[in-house]
file start18.cif (mmCIF, C-alpha atoms and all ligand atoms)
data_work
#
loop_
_atom_site.label_atom_id
_atom_site.label_comp_id
_atom_site.auth_asym_id
_atom_site.auth_seq_id
_atom_site.Cartn_x
_atom_site.Cartn_y
_atom_site.Cartn_z
CA MET A 863 85.68 145.49 107.80
CA ILE A 864 85.43 144.45 104.26
CA LYS A 865 87.00 146.81 101.83
CA SER A 866 86.12 147.41 98.22
CA SER A 867 88.73 147.32 95.49
CA SER A 868 91.78 149.49 94.92
CA SER A 869 92.59 149.66 98.57
CA SER A 870 95.88 151.06 99.74
CA ARG A 871 97.33 152.07 103.07
CA ALA A 872 95.69 155.50 102.85
CA ARG A 873 92.62 155.86 105.09
CA ARG A 874 89.52 154.51 103.36
CA PRO A 875 90.61 155.46 99.82
CA ASP A 876 88.09 153.00 98.41
CA LEU A 877 85.22 154.67 100.21
CA LYS A 878 86.48 158.07 99.15
CA SER A 879 86.66 157.09 95.50
CA ALA A 880 83.16 155.61 95.72
CA ILE A 881 81.89 158.92 97.06
CA ALA A 882 83.80 160.79 94.34
CA SER A 883 82.05 158.65 91.71
CA LEU A 884 78.70 159.39 93.30
CA LEU A 885 79.53 163.10 93.28
CA LEU A 886 80.33 162.93 89.61
CA VAL A 887 77.09 161.13 88.91
CA ALA A 888 75.19 163.76 90.87
CA ALA A 889 76.86 166.51 88.90
CA ILE A 890 76.20 164.83 85.57
CA GLN A 891 72.59 164.21 86.52
CA ALA A 892 72.30 167.91 87.19
CA GLY A 893 73.57 168.56 83.65
CA CYS A 894 76.44 170.58 84.95
CA ALA A 895 79.49 168.39 84.93
CA THR A 896 80.82 169.81 81.72
CA ALA A 897 79.73 173.37 82.24
CA THR A 898 82.66 175.72 81.95
CA GLY A 899 81.12 179.05 81.16
CA PRO A 900 80.55 181.71 83.76
CA GLY A 901 76.74 181.28 83.79
CA ARG A 902 74.30 183.94 84.83
CA ALA A 903 75.53 184.05 88.38
CA ALA A 904 79.04 184.98 87.38
CA GLN A 905 77.99 187.63 84.94
CA LYS A 906 77.54 191.21 86.08
CA ALA A 907 74.06 190.63 87.36
CA ALA A 908 71.47 193.24 87.95
CA PRO A 909 70.95 194.09 91.64
CA VAL A 910 68.97 191.31 93.31
CA ASP A 911 65.92 192.80 94.87
CA THR A 912 63.16 190.22 94.47
CA LEU A 913 62.70 186.79 96.00
CA GLU A 914 62.46 185.19 92.54
CA ALA A 915 65.65 186.88 91.41
CA ARG A 916 67.51 185.69 94.52
CA ARG A 917 66.28 182.14 93.97
CA ALA A 918 67.27 182.18 90.32
CA GLN A 919 70.71 183.42 91.20
CA ALA A 920 71.03 180.82 93.96
CA ARG A 921 70.27 178.09 91.44
CA ASP A 922 72.92 179.49 89.13
CA TYR A 923 75.47 179.25 91.93
CA LEU A 924 74.27 175.73 92.62
CA GLY A 925 74.88 174.81 88.96
CA LEU A 926 78.36 176.31 89.07
CA GLY A 927 79.12 174.54 92.32
CA ARG A 928 78.08 171.18 90.91
CA ALA A 929 80.08 171.83 87.75
CA ALA A 930 83.14 172.55 89.88
CA ILE A 931 82.57 169.26 91.75
CA GLY A 932 82.40 167.46 88.41
CA GLN A 933 85.70 169.03 87.47
CA GLY A 934 87.23 168.06 90.81
CA ASP A 935 87.66 171.64 92.00
CA MET A 936 86.21 171.31 95.50
CA ALA A 937 87.46 174.68 96.74
CA ALA A 938 85.66 176.51 93.93
CA ALA A 939 82.62 174.31 94.49
CA THR A 940 82.36 175.22 98.17
CA MET A 941 82.58 178.96 97.34
CA GLN A 942 79.79 178.73 94.76
CA LEU A 943 77.61 176.58 96.98
CA ARG A 944 78.02 178.80 100.04
CA GLU A 945 76.98 181.73 97.84
CA ALA A 946 73.91 179.77 96.75
CA LEU A 947 73.02 179.12 100.39
CA ARG A 948 73.58 182.77 101.33
CA LEU A 949 71.00 183.71 98.73
CA GLN A 950 68.62 180.86 99.56
CA PRO A 951 69.38 179.10 102.88
CA GLU A 952 66.65 176.48 102.37
CA LEU A 953 68.09 175.27 99.03
CA VAL A 954 68.67 171.66 100.09
CA GLU A 955 70.47 170.64 96.89
CA ALA A 956 73.11 173.30 97.57
CA ARG A 957 73.62 172.09 101.13
CA GLU A 958 73.85 168.48 99.98
CA SER A 959 76.45 169.35 97.34
CA LEU A 960 78.34 171.51 99.83
CA GLY A 961 78.51 168.59 102.27
CA LEU A 962 79.78 166.30 99.54
CA ALA A 963 82.40 168.84 98.41
CA LEU A 964 83.61 169.45 101.96
CA TYR A 965 83.90 165.71 102.57
CA ASN A 966 85.85 165.27 99.39
CA MET A 967 88.28 168.04 100.24
CA GLY A 968 88.89 166.47 103.66
CA ASP A 969 86.96 168.99 105.79
CA LEU A 970 85.21 166.29 107.78
CA ASP A 971 83.82 168.52 110.54
CA GLY A 972 82.43 170.93 107.96
CA ALA A 973 80.91 168.08 105.97
CA ILE A 974 79.33 166.52 109.08
CA GLU A 975 77.80 169.86 110.10
CA GLU A 976 76.35 170.62 106.65
CA LEU A 977 75.07 167.11 106.06
CA ARG A 978 73.42 166.90 109.47
CA ALA A 979 71.72 170.23 108.81
CA LEU A 980 70.55 168.97 105.44
CA LEU A 981 69.20 165.70 106.84
CA HIS A 982 67.21 167.72 109.31
CA GLN A 983 65.42 169.25 106.33
CA LYS A 984 65.41 166.16 104.10
CA ARG A 985 65.50 162.84 105.93
CA ASP A 986 65.52 160.68 102.78
CA ALA A 987 68.68 162.16 101.18
CA ALA A 988 70.43 158.80 101.00
CA LEU A 989 73.55 159.98 99.21
CA ALA A 990 74.04 162.74 101.76
CA ARG A 991 73.53 160.26 104.61
CA LEU A 992 76.01 157.89 103.04
CA THR A 993 78.56 160.67 102.81
CA LEU A 994 77.82 161.62 106.42
CA ALA A 995 78.45 158.00 107.42
CA ALA A 996 81.71 158.00 105.46
CA ALA A 997 82.80 161.20 107.23
CA LEU A 998 81.90 159.69 110.61
CA ILE A 999 83.84 156.53 109.74
CA ALA A 1000 86.84 158.66 108.80
CA ARG A 1001 86.43 160.39 112.20
CA GLN A 1002 86.25 156.90 113.72
CA ASP A 1003 82.88 157.72 115.24
CA TRP A 1004 81.75 154.19 114.55
CA SER A 1005 78.53 154.05 116.48
CA SER A 1006 77.16 157.24 114.87
CA ALA A 1007 78.23 155.95 111.44
CA ARG A 1008 76.48 152.67 112.09
CA ALA A 1009 73.27 154.45 113.09
CA GLU A 1010 73.30 156.49 109.85
CA LEU A 1011 73.98 153.43 107.70
CA GLU A 1012 71.21 151.45 109.32
CA GLU A 1013 68.87 154.36 108.65
CA ILE A 1014 69.85 154.32 104.94
CA LEU A 1015 69.16 150.61 104.72
CA ARG A 1016 65.79 151.10 106.38
CA GLN A 1017 64.93 153.69 103.75
CA GLN A 1018 66.64 152.15 100.72
CA PRO A 1019 67.51 148.49 101.25
CA GLU A 1020 68.92 148.26 97.74
CA LEU A 1021 71.73 150.72 98.45
CA ALA A 1022 74.68 148.35 98.20
CA GLN A 1023 77.31 150.88 99.16
CA ALA A 1024 75.66 151.19 102.55
CA TYR A 1025 76.08 147.48 103.20
CA TYR A 1026 79.75 147.78 102.52
CA SER A 1027 80.12 150.81 104.78
CA LEU A 1028 78.02 149.12 107.43
CA GLY A 1029 80.38 146.15 107.28
CA LEU A 1030 83.25 148.54 107.85
CA ALA A 1031 81.51 150.21 110.79
CA ARG A 1032 80.45 146.94 112.34
CA TYR A 1033 83.90 145.49 112.10
CA ALA A 1034 85.42 148.57 113.69
CA LEU A 1035 83.00 148.09 116.56
CA GLY A 1036 84.52 144.64 117.00
CA ASP A 1037 81.54 142.94 115.41
CA LEU A 1038 83.19 140.65 112.86
CA ASN A 1039 80.06 138.52 112.49
CA GLY A 1040 78.00 141.64 111.77
CA ALA A 1041 80.52 142.70 109.17
CA ILE A 1042 80.39 139.29 107.50
CA GLU A 1043 76.61 139.47 107.44
CA ALA A 1044 76.73 142.94 105.87
CA TYR A 1045 78.95 141.59 103.14
CA ARG A 1046 76.62 138.67 102.51
CA GLN A 1047 73.85 141.16 101.95
CA LEU A 1048 76.07 143.21 99.69
CA SER A 1049 76.82 140.12 97.65
CA ASP A 1050 73.08 139.48 97.25
CA ALA A 1051 72.41 143.08 96.36
CA VAL A 1052 75.03 143.63 93.68
CA ASP A 1053 76.37 141.68 90.76
CA HIS A 1054 79.89 142.96 90.47
CA PRO A 1055 83.23 141.62 91.70
CA LEU A 1056 83.80 142.11 95.42
CA HIS A 1057 87.07 142.78 97.18
CA LEU A 1058 87.56 141.38 100.69
CA GLY A 1059 89.86 142.60 103.41
CA VAL A 1060 89.84 143.37 107.09
CA THR A 1061 90.84 146.96 107.64
CA GLU A 1062 93.65 147.58 110.12
CA ALA A 1063 93.59 144.04 111.44
CA GLY A 1064 96.70 144.71 113.57
CA PRO A 1065 100.07 143.06 114.15
CA LEU A 1066 100.97 139.39 113.75
CA PRO A 1067 99.73 136.88 114.67
CA GLY A 1068 96.37 138.27 115.84
CA GLY A 1069 95.95 140.37 112.69
CA VAL A 1070 96.27 137.34 110.43
CA ILE A 1071 93.78 135.40 112.52
CA LYS A 1072 91.19 138.20 112.47
CA ALA A 1073 91.61 138.84 108.76
CA THR A 1074 91.50 135.15 107.93
CA ALA A 1075 88.35 134.64 110.00
CA GLY A 1076 86.57 137.27 107.91
CA ILE A 1077 88.04 136.58 104.48
CA ALA A 1078 87.99 132.79 104.66
CA THR A 1079 84.41 132.66 105.91
CA LEU A 1080 83.21 134.69 102.94
CA LEU A 1081 85.43 132.90 100.40
CA ALA A 1082 84.10 129.55 101.62
CA GLU A 1083 80.61 130.83 100.79
CA GLY A 1084 81.72 131.81 97.29
CA ILE A 1085 81.71 135.53 98.13
CA GLY A 1086 84.68 137.64 97.06
CA ASP A 1087 86.80 138.00 93.97
CA THR A 1088 89.97 139.63 95.25
CA ILE A 1089 91.44 139.77 98.74
CA ARG A 1090 93.88 141.82 100.71
CA TYR A 1091 95.49 141.41 104.12
CA SER A 1092 96.03 144.70 105.91
CA LEU A 1093 98.53 143.95 108.69
CA THR A 1094 100.75 146.01 110.91
CA ALA A 1095 103.74 144.18 109.52
CA ASP A 1096 106.12 144.09 106.58
CA PRO A 1097 103.93 144.18 103.42
CA VAL A 1098 105.67 140.95 102.35
CA GLU A 1099 103.83 139.27 105.24
CA GLU A 1100 100.53 140.55 103.84
CA ALA A 1101 101.27 139.00 100.44
CA ARG A 1102 102.43 135.77 102.09
CA ALA A 1103 99.29 135.51 104.19
CA GLY A 1104 97.02 136.11 101.19
CA ARG A 1105 98.82 133.55 99.10
CA ALA A 1106 98.85 130.98 101.90
CA LEU A 1107 95.12 131.40 102.49
CA LEU A 1108 94.24 130.98 98.82
CA GLU A 1109 96.50 127.95 98.51
CA ALA A 1110 95.11 126.39 101.68
CA MET A 1111 91.57 126.82 100.35
CA GLY A 1112 92.52 125.39 96.96
CA LEU A 1113 91.73 128.71 95.27
CA ARG A 1114 95.22 129.25 93.96
CA GLU A 1115 97.63 126.83 92.39
CA ARG A 1116 100.48 126.11 94.78
CA LYS A 1117 103.73 127.68 93.61
CA ASN A 1118 105.90 127.43 96.71
CA ILE A 1119 106.71 124.93 99.41
CA ASP A 1120 103.91 124.20 101.87
CA LEU A 1121 105.97 123.49 104.96
CA ILE A 1122 104.20 121.49 107.62
CA ALA A 1123 105.67 120.30 110.91
CA CYS A 1124 104.52 118.34 113.94
CA PRO A 1125 103.70 120.30 117.09
CA SER A 1126 106.46 118.42 118.96
CA CYS A 1127 105.88 116.38 122.12
CA GLY A 1128 107.68 114.23 124.64
CA ARG A 1129 108.94 112.02 121.82
CA ALA A 1130 110.69 114.76 119.88
CA GLU A 1131 114.33 114.02 119.14
CA ILE A 1132 115.09 117.51 117.88
CA ASP A 1133 114.00 121.08 118.51
CA VAL A 1134 111.19 120.90 115.97
CA ILE A 1135 110.42 124.63 116.13
CA GLU A 1136 114.01 125.56 115.33
CA VAL A 1137 114.48 122.98 112.58
CA ALA A 1138 111.18 123.98 110.96
CA ARG A 1139 112.27 127.62 111.13
CA GLN A 1140 115.57 126.75 109.46
CA ALA A 1141 113.74 124.81 106.76
CA GLN A 1142 111.33 127.70 106.18
CA GLU A 1143 114.28 130.06 105.80
CA ALA A 1144 116.17 127.68 103.52
CA PHE A 1145 113.21 127.24 101.19
CA GLY A 1146 112.41 130.93 101.23
CA GLU A 1147 110.46 131.88 98.12
CA ARG A 1148 111.69 128.94 96.02
CA GLU A 1149 109.06 127.97 93.53
CA ILE A 1150 108.71 124.28 94.37
CA PRO A 1151 105.03 123.31 94.62
CA LEU A 1152 105.41 120.52 97.19
CA GLN A 1153 104.22 119.81 100.70
CA VAL A 1154 107.25 119.15 102.89
CA ALA A 1155 107.13 117.89 106.49
CA VAL A 1156 109.52 118.30 109.42
CA MET A 1157 108.71 115.70 112.08
CA GLY A 1158 110.13 115.41 115.58
CA CYS A 1159 110.50 111.64 115.78
CA VAL A 1160 110.79 108.62 113.58
CA VAL A 1161 108.40 106.68 115.83
CA ASN A 1162 105.31 108.44 114.55
CA GLY A 1163 106.57 111.11 112.14
CA PRO A 1164 106.57 109.22 108.82
CA GLY A 1165 103.09 107.85 109.51
CA GLU A 1166 101.63 111.17 110.63
CA ALA A 1167 103.01 112.92 107.56
CA ARG A 1168 102.43 110.13 105.07
CA ASP A 1169 100.46 112.41 102.74
CA ALA A 1170 103.26 114.95 102.43
CA ASP A 1171 105.27 114.78 99.21
CA LEU A 1172 108.49 114.76 101.17
CA GLY A 1173 109.42 114.70 104.84
CA ILE A 1174 112.12 114.09 107.36
CA ALA A 1175 111.81 112.62 110.86
CA ALA A 1176 114.45 112.70 113.57
CA GLY A 1177 115.68 109.61 115.41
CA ASN A 1178 118.90 108.53 117.10
CA LYS A 1179 120.87 111.55 115.80
CA LYS A 1180 119.75 110.85 112.26
CA GLY A 1181 117.28 112.28 109.82
CA HIS A 1182 115.03 109.70 108.20
CA LEU A 1183 113.95 111.04 104.84
CA PHE A 1184 110.72 109.80 103.33
CA VAL A 1185 108.80 110.43 100.10
CA ARG A 1186 105.02 109.99 100.27
CA GLY A 1187 105.45 108.03 103.51
CA GLN A 1188 108.17 105.69 102.19
CA ASN A 1189 111.68 105.82 103.56
CA VAL A 1190 114.22 106.73 100.92
CA ALA A 1191 117.42 107.78 102.70
CA VAL A 1192 119.08 108.47 106.05
CA VAL A 1193 121.25 111.53 106.74
CA PRO A 1194 123.07 112.85 109.82
CA GLU A 1195 120.79 114.94 112.07
CA ASP A 1196 122.68 118.15 111.36
CA LYS A 1197 122.09 117.66 107.62
CA MET A 1198 118.31 117.30 107.85
CA VAL A 1199 117.48 120.70 106.40
CA ASP A 1200 120.09 120.46 103.62
CA ALA A 1201 118.73 117.05 102.65
CA LEU A 1202 115.15 118.33 102.59
CA VAL A 1203 116.05 121.22 100.31
CA GLU A 1204 118.14 119.03 98.02
CA TRP A 1205 115.45 116.34 97.65
CA ALA A 1206 112.66 118.88 97.27
CA THR A 1207 114.60 120.58 94.48
CA PHE A 1208 115.16 117.20 92.82
CA ILE A 1209 111.47 116.24 93.04
CA GLY A 1210 110.45 119.71 91.84
CA GLU A 1211 112.57 119.23 88.75
CA HIS A 1212 112.15 115.53 88.05
CA GLY A 1213 109.03 114.34 89.87
CA VAL A 1214 108.25 111.77 92.58
CA ASP A 1215 108.85 108.70 90.40
CA ALA A 1216 112.35 109.91 89.64
CA ALA A 1217 112.92 110.31 93.40
CA PHE A 1218 111.93 106.67 94.00
CA GLU A 1219 114.22 105.64 91.18
CA ARG A 1220 117.03 107.65 92.70
CA ALA A 1221 116.47 105.89 96.01
CA ARG A 1222 116.37 102.42 94.48
CA SER A 1223 119.61 101.32 96.12
CA THR A 1224 119.04 103.06 99.48
CA ARG A 1225 115.32 102.47 100.13
CA GLU A 1226 115.52 99.09 101.78
CA GLN A 1227 118.45 100.09 103.96
CA ALA A 1228 116.60 103.33 104.94
CA ARG A 1229 113.48 101.39 105.88
CA ARG A 1230 115.43 98.97 108.10
CA GLU A 1231 117.32 101.79 109.83
CA ALA A 1232 114.06 103.63 110.52
CA GLU A 1233 112.58 100.48 112.01
CA ARG A 1234 115.62 99.89 114.18
CA ASP A 1235 115.60 103.47 115.47
CA ARG A 1236 111.86 103.35 116.05
CA ALA A 1237 112.24 100.18 118.13
CA ALA A 1238 115.21 101.61 120.02
CA LEU A 1239 113.36 104.82 120.89
CA THR A 1240 110.20 103.03 121.92
CA GLY A 1241 112.27 100.65 124.04
CA ALA A 1242 114.13 103.52 125.69
CA HIS A 1243 111.13 105.72 126.42
CA GLY A 1244 108.25 103.27 126.51
CA ASP A 1245 104.93 103.41 124.68
CA ASP A 1246 103.47 106.25 126.70
CA VAL A 1247 106.17 108.86 126.64
CA ASN A 1248 103.59 111.63 126.75
CA ARG A 1249 101.97 110.11 129.86
CA SER A 1250 98.65 110.12 128.05
CA GLU A 1251 97.00 107.63 130.40
CA GLN A 1252 97.95 109.68 133.43
CA ARG A 1253 96.60 112.85 131.77
CA VAL A 1254 93.34 111.23 130.75
CA LYS A 1255 92.84 110.11 134.35
CA LEU A 1256 93.53 113.64 135.59
CA ILE A 1257 91.07 115.18 133.10
CA ARG A 1258 88.37 112.70 134.16
CA LYS A 1259 89.01 113.55 137.79
CA LEU A 1260 88.76 117.28 137.10
CA GLY A 1261 85.59 116.62 135.10
CA ARG A 1262 84.05 114.97 138.13
CA GLY A 1263 85.03 118.00 140.19
CA GLU A 1264 87.38 115.99 142.43
S1 LIG B 1 105.01 111.79 118.21
FE1 LIG B 1 106.84 112.47 117.06
S2 LIG B 1 106.01 113.29 115.18
FE2 LIG B 1 104.31 113.19 116.61
S3 LIG B 1 104.26 115.16 117.64
FE3 LIG B 1 105.54 113.86 118.87
S4 LIG B 1 107.61 114.23 118.12
FE4 LIG B 1 106.22 114.99 116.58
#
call {"tool": "encode", "arguments": {"input": "start18.cif", "output": "structure tokens"}}
result
Amino acid sequence: MIKSSSSSRARRPDLKSAIASLLLVAAIQAGCATATGPGRAAQKAAPVDTLEARRAQARDYLGLGRAAIGQGDMAAATMQLREALRLQPELVEARESLGLALYNMGDLDGAIEELRALLHQKRDAALARLTLAAALIARQDWSSARAELEEILRQQPELAQAYYSLGLARYALGDLNGAIEAYRQLSDAVDHPLHLGVTEAGPLPGGVIKATAGIATLLAEGIGDTIRYSLTADPVEEARAGRALLEAMGLRERKNIDLIACPSCGRAEIDVIEVARQAQEAFGEREIPLQVAVMGCVVNGPGEARDADLGIAAGNKKGHLFVRGQNVAVVPEDKMVDALVEWATFIGEHGVDAAFERARSTREQARREAERDRAALTGAHGDDVNRSEQRVKLIRKLGRGE
């Protein structure tokens, strides 16, 4: 589930690069990463006719194979390592390196076969098991990958990369909570920045919900340094979702409009969904760091959205504009969105106090009109337009099983 940094749309590039780094480390540890010479194995060697000579030559091929891995030449590496294994089939280091090289060149089936054979001989080869898990993940054989990763953690609980991979495997098995837990453990185990994202979360809106459930849970616990949404949607939506989440959690300074709107109900005087959509479109990516509300009725709208910087509530074919809960102007209903954009732009440039100053001559009149329309609407539709009492009675009845 949770991805490490430098993710892109390619399949598991982060995991692949982690494995590549581990390969390089393995090659360097073997003292071979910079070897460029032909070595004994590549020289015209004397005929091999003793066990010792075969073993020595096998080790030479192993060194050359590891050097080729260090230089990123996986094809050459696999040739050298297969030669090493031909000479000495039980040379576990050669099989381990061969598995790593095959994985890195994308031969997943070959890598899985070699690594499984190696782990038969050497159960505690954690790097090999990690690579096997990565290959199984790439094959989307999640349950086998999970079993391998859990085995690594049993053997080497400090292996942070396994926690990350386990998170990935658990998430793919539909176990979001397990993935979150794996990332908590990763955060405890390592002291470097962590990147959060839910791999292949899917299309909107479900993808955003799944990704947010994972990312927000961890961010709220102080885990995670960068995030990424991976949605089956326009990449702009991914950026929007990430920005919205960070702004909602107060982890990023607001740069754009935060448009809120009421859910609409029996009191709504307009099509709230449509007007909110129009407002969203009109504001687009404008950099105005305000919270703006679209409310369906003047009866409750200004009160419900009193904390918004700016809002508009419909009533009697009019739009009642309010700033921080105080009426400032009245516009025709079909000008509601234009008025919102115009006042938001003004407040963005000049501030809230300037908006009150601007409304000095219209405020009182706006307040009276809102009150009149509120009274008219309540009179016309009554206090219980949503038939709340009737619904409460019905719920109680259902609760009693009647
Ligand atoms: S009472 Fe008015 S503001 Fe509240 S949800 Fe209904 S229409 Fe919207």
call {"tool": "residues_near_ligand", "arguments": {"input": "start18.cif", "ligand": "ligand LIG 1 (chain B)", "cutoff": "10 Å", "atoms": "only C-alpha atoms and all ligand atoms", "output": "ChimeraX atom specification"}}
result
/A:1123-1134,1155-1167,1174-1177,1247-1248
call {"tool": "closest_residue", "arguments": {"input": "start18.cif", "among": "A:Leu924, A:Leu1183, A:Val954, A:Met941", "to": "His982 (chain A)", "atoms": "only C-alpha atoms"}}
result
A:Val954
call {"tool": "closest_residue", "arguments": {"input": "start18.cif", "among": "A:Ala1051, A:Ile931, A:Ala988, A:Ala1221", "to": "Leu960 (chain A)", "atoms": "all atoms listed in the file"}}
result
A:Ile931
call {"tool": "residues_around", "arguments": {"input": "start18.cif", "residues": "Glu1195 (chain A)", "least_positions_apart": "2", "cutoff": "6 Å", "atoms": "only C-alpha atoms", "output": "PyMOL selection string"}}
result
chain A and resi 1179-1181+1197-1198
call {"tool": "residues_around", "arguments": {"input": "start18.cif", "residues": "Pro1065 (chain A)", "least_positions_apart": "2", "cutoff": "10 Å", "atoms": "only C-alpha atoms", "output": "list in words"}}
result
Glu1062, Ala1063, Pro1067, Gly1068, Gly1069, Val1070, Ser1092, Leu1093, Thr1094, Ala1095 and Asp1096 of chain A
call {"tool": "closest_residue", "arguments": {"input": "start18.cif", "among": "A:Thr1224, A:Thr993, A:Gln942, A:Asn1178", "to": "Ala1237 (chain A)", "atoms": "only C-alpha atoms"}}
result
A:Asn1178
call {"tool": "closest_residue", "arguments": {"input": "start18.cif", "among": "A:Arg985, A:Arg1229, A:Arg1220, A:Arg1032", "to": "Ile1014 (chain A)", "atoms": "all atoms listed in the file"}}
result
A:Arg985
call {"tool": "decode", "arguments": {"input": "start18.cif", "residues": "region 1179-1203 of chain A", "atoms": "N, CA and C atoms", "output": "PDB file, in the first residue's frame"}}
result
ATOM      1  N   LYS A1179     -35.633  34.132  -4.802  1.00  0.00           N
ATOM      2  CA  LYS A1179     -35.019  34.508  -6.097  1.00  0.00           C
ATOM      3  C   LYS A1179     -33.861  35.478  -5.939  1.00  0.00           C
ATOM      4  N   LYS A1180     -33.300  35.521  -4.754  1.00  0.00           N
ATOM      5  CA  LYS A1180     -32.156  36.413  -4.532  1.00  0.00           C
ATOM      6  C   LYS A1180     -30.996  35.628  -3.940  1.00  0.00           C
ATOM      7  N   GLY A1181     -29.826  36.238  -4.040  1.00  0.00           N
ATOM      8  CA  GLY A1181     -28.665  35.673  -3.371  1.00  0.00           C
ATOM      9  C   GLY A1181     -28.251  36.619  -2.251  1.00  0.00           C
ATOM     10  N   HIS A1182     -28.248  36.095  -1.032  1.00  0.00           N
ATOM     11  CA  HIS A1182     -27.891  36.935   0.121  1.00  0.00           C
ATOM     12  C   HIS A1182     -26.418  36.678   0.431  1.00  0.00           C
ATOM     13  N   LEU A1183     -25.623  37.696   0.196  1.00  0.00           N
ATOM     14  CA  LEU A1183     -24.178  37.553   0.339  1.00  0.00           C
ATOM     15  C   LEU A1183     -23.765  37.903   1.766  1.00  0.00           C
ATOM     16  N   PHE A1184     -22.945  37.098   2.352  1.00  0.00           N
ATOM     17  CA  PHE A1184     -22.508  37.420   3.725  1.00  0.00           C
ATOM     18  C   PHE A1184     -20.999  37.209   3.876  1.00  0.00           C
ATOM     19  N   VAL A1185     -20.397  38.018   4.731  1.00  0.00           N
ATOM     20  CA  VAL A1185     -18.961  37.924   5.037  1.00  0.00           C
ATOM     21  C   VAL A1185     -18.853  37.604   6.520  1.00  0.00           C
ATOM     22  N   ARG A1186     -18.179  36.498   6.822  1.00  0.00           N
ATOM     23  CA  ARG A1186     -18.055  36.022   8.214  1.00  0.00           C
ATOM     24  C   ARG A1186     -19.401  36.081   8.944  1.00  0.00           C
ATOM     25  N   GLY A1187     -20.445  35.602   8.271  1.00  0.00           N
ATOM     26  CA  GLY A1187     -21.768  35.493   8.888  1.00  0.00           C
ATOM     27  C   GLY A1187     -22.581  36.779   8.864  1.00  0.00           C
ATOM     28  N   GLN A1188     -22.037  37.877   8.371  1.00  0.00           N
ATOM     29  CA  GLN A1188     -22.784  39.146   8.379  1.00  0.00           C
ATOM     30  C   GLN A1188     -23.207  39.524   6.967  1.00  0.00           C
ATOM     31  N   ASN A1189     -24.483  39.814   6.832  1.00  0.00           N
ATOM     32  CA  ASN A1189     -24.980  40.163   5.497  1.00  0.00           C
ATOM     33  C   ASN A1189     -24.299  41.432   4.996  1.00  0.00           C
ATOM     34  N   VAL A1190     -23.923  41.391   3.723  1.00  0.00           N
ATOM     35  CA  VAL A1190     -23.267  42.581   3.159  1.00  0.00           C
ATOM     36  C   VAL A1190     -23.947  43.085   1.888  1.00  0.00           C
ATOM     37  N   ALA A1191     -24.619  42.202   1.145  1.00  0.00           N
ATOM     38  CA  ALA A1191     -25.243  42.644  -0.103  1.00  0.00           C
ATOM     39  C   ALA A1191     -26.277  41.623  -0.558  1.00  0.00           C
ATOM     40  N   VAL A1192     -27.136  42.048  -1.475  1.00  0.00           N
ATOM     41  CA  VAL A1192     -28.134  41.149  -2.059  1.00  0.00           C
ATOM     42  C   VAL A1192     -28.012  41.263  -3.576  1.00  0.00           C
ATOM     43  N   VAL A1193     -28.013  40.105  -4.252  1.00  0.00           N
ATOM     44  CA  VAL A1193     -27.891  40.111  -5.718  1.00  0.00           C
ATOM     45  C   VAL A1193     -28.990  39.218  -6.296  1.00  0.00           C
ATOM     46  N   PRO A1194     -29.323  39.391  -7.579  1.00  0.00           N
ATOM     47  CA  PRO A1194     -30.315  38.484  -8.181  1.00  0.00           C
ATOM     48  C   PRO A1194     -29.796  37.039  -8.131  1.00  0.00           C
ATOM     49  N   GLU A1195     -30.720  36.084  -8.060  1.00  0.00           N
ATOM     50  CA  GLU A1195     -30.324  34.674  -7.921  1.00  0.00           C
ATOM     51  C   GLU A1195     -29.383  34.207  -9.030  1.00  0.00           C
ATOM     52  N   ASP A1196     -29.635  34.692 -10.266  1.00  0.00           N
ATOM     53  CA  ASP A1196     -28.784  34.226 -11.358  1.00  0.00           C
ATOM     54  C   ASP A1196     -27.405  34.895 -11.375  1.00  0.00           C
ATOM     55  N   LYS A1197     -27.165  35.758 -10.399  1.00  0.00           N
ATOM     56  CA  LYS A1197     -25.835  36.415 -10.324  1.00  0.00           C
ATOM     57  C   LYS A1197     -25.059  35.937  -9.087  1.00  0.00           C
ATOM     58  N   MET A1198     -25.568  34.886  -8.458  1.00  0.00           N
ATOM     59  CA  MET A1198     -24.939  34.427  -7.207  1.00  0.00           C
ATOM     60  C   MET A1198     -23.461  34.058  -7.393  1.00  0.00           C
ATOM     61  N   VAL A1199     -23.185  33.290  -8.421  1.00  0.00           N
ATOM     62  CA  VAL A1199     -21.806  32.823  -8.618  1.00  0.00           C
ATOM     63  C   VAL A1199     -20.894  34.002  -8.988  1.00  0.00           C
ATOM     64  N   ASP A1200     -21.386  34.877  -9.880  1.00  0.00           N
ATOM     65  CA  ASP A1200     -20.573  36.046 -10.273  1.00  0.00           C
ATOM     66  C   ASP A1200     -20.233  36.878  -9.035  1.00  0.00           C
ATOM     67  N   ALA A1201     -21.254  37.059  -8.187  1.00  0.00           N
ATOM     68  CA  ALA A1201     -21.035  37.891  -6.992  1.00  0.00           C
ATOM     69  C   ALA A1201     -20.008  37.239  -6.062  1.00  0.00           C
ATOM     70  N   LEU A1202     -20.116  35.932  -5.914  1.00  0.00           N
ATOM     71  CA  LEU A1202     -19.153  35.227  -5.043  1.00  0.00           C
ATOM     72  C   LEU A1202     -17.717  35.433  -5.540  1.00  0.00           C
ATOM     73  N   VAL A1203     -17.540  35.245  -6.843  1.00  0.00           N
ATOM     74  CA  VAL A1203     -16.192  35.359  -7.401  1.00  0.00           C
ATOM     75  C   VAL A1203     -15.687  36.801  -7.246  1.00  0.00           C
TER      76      VAL A1203
END
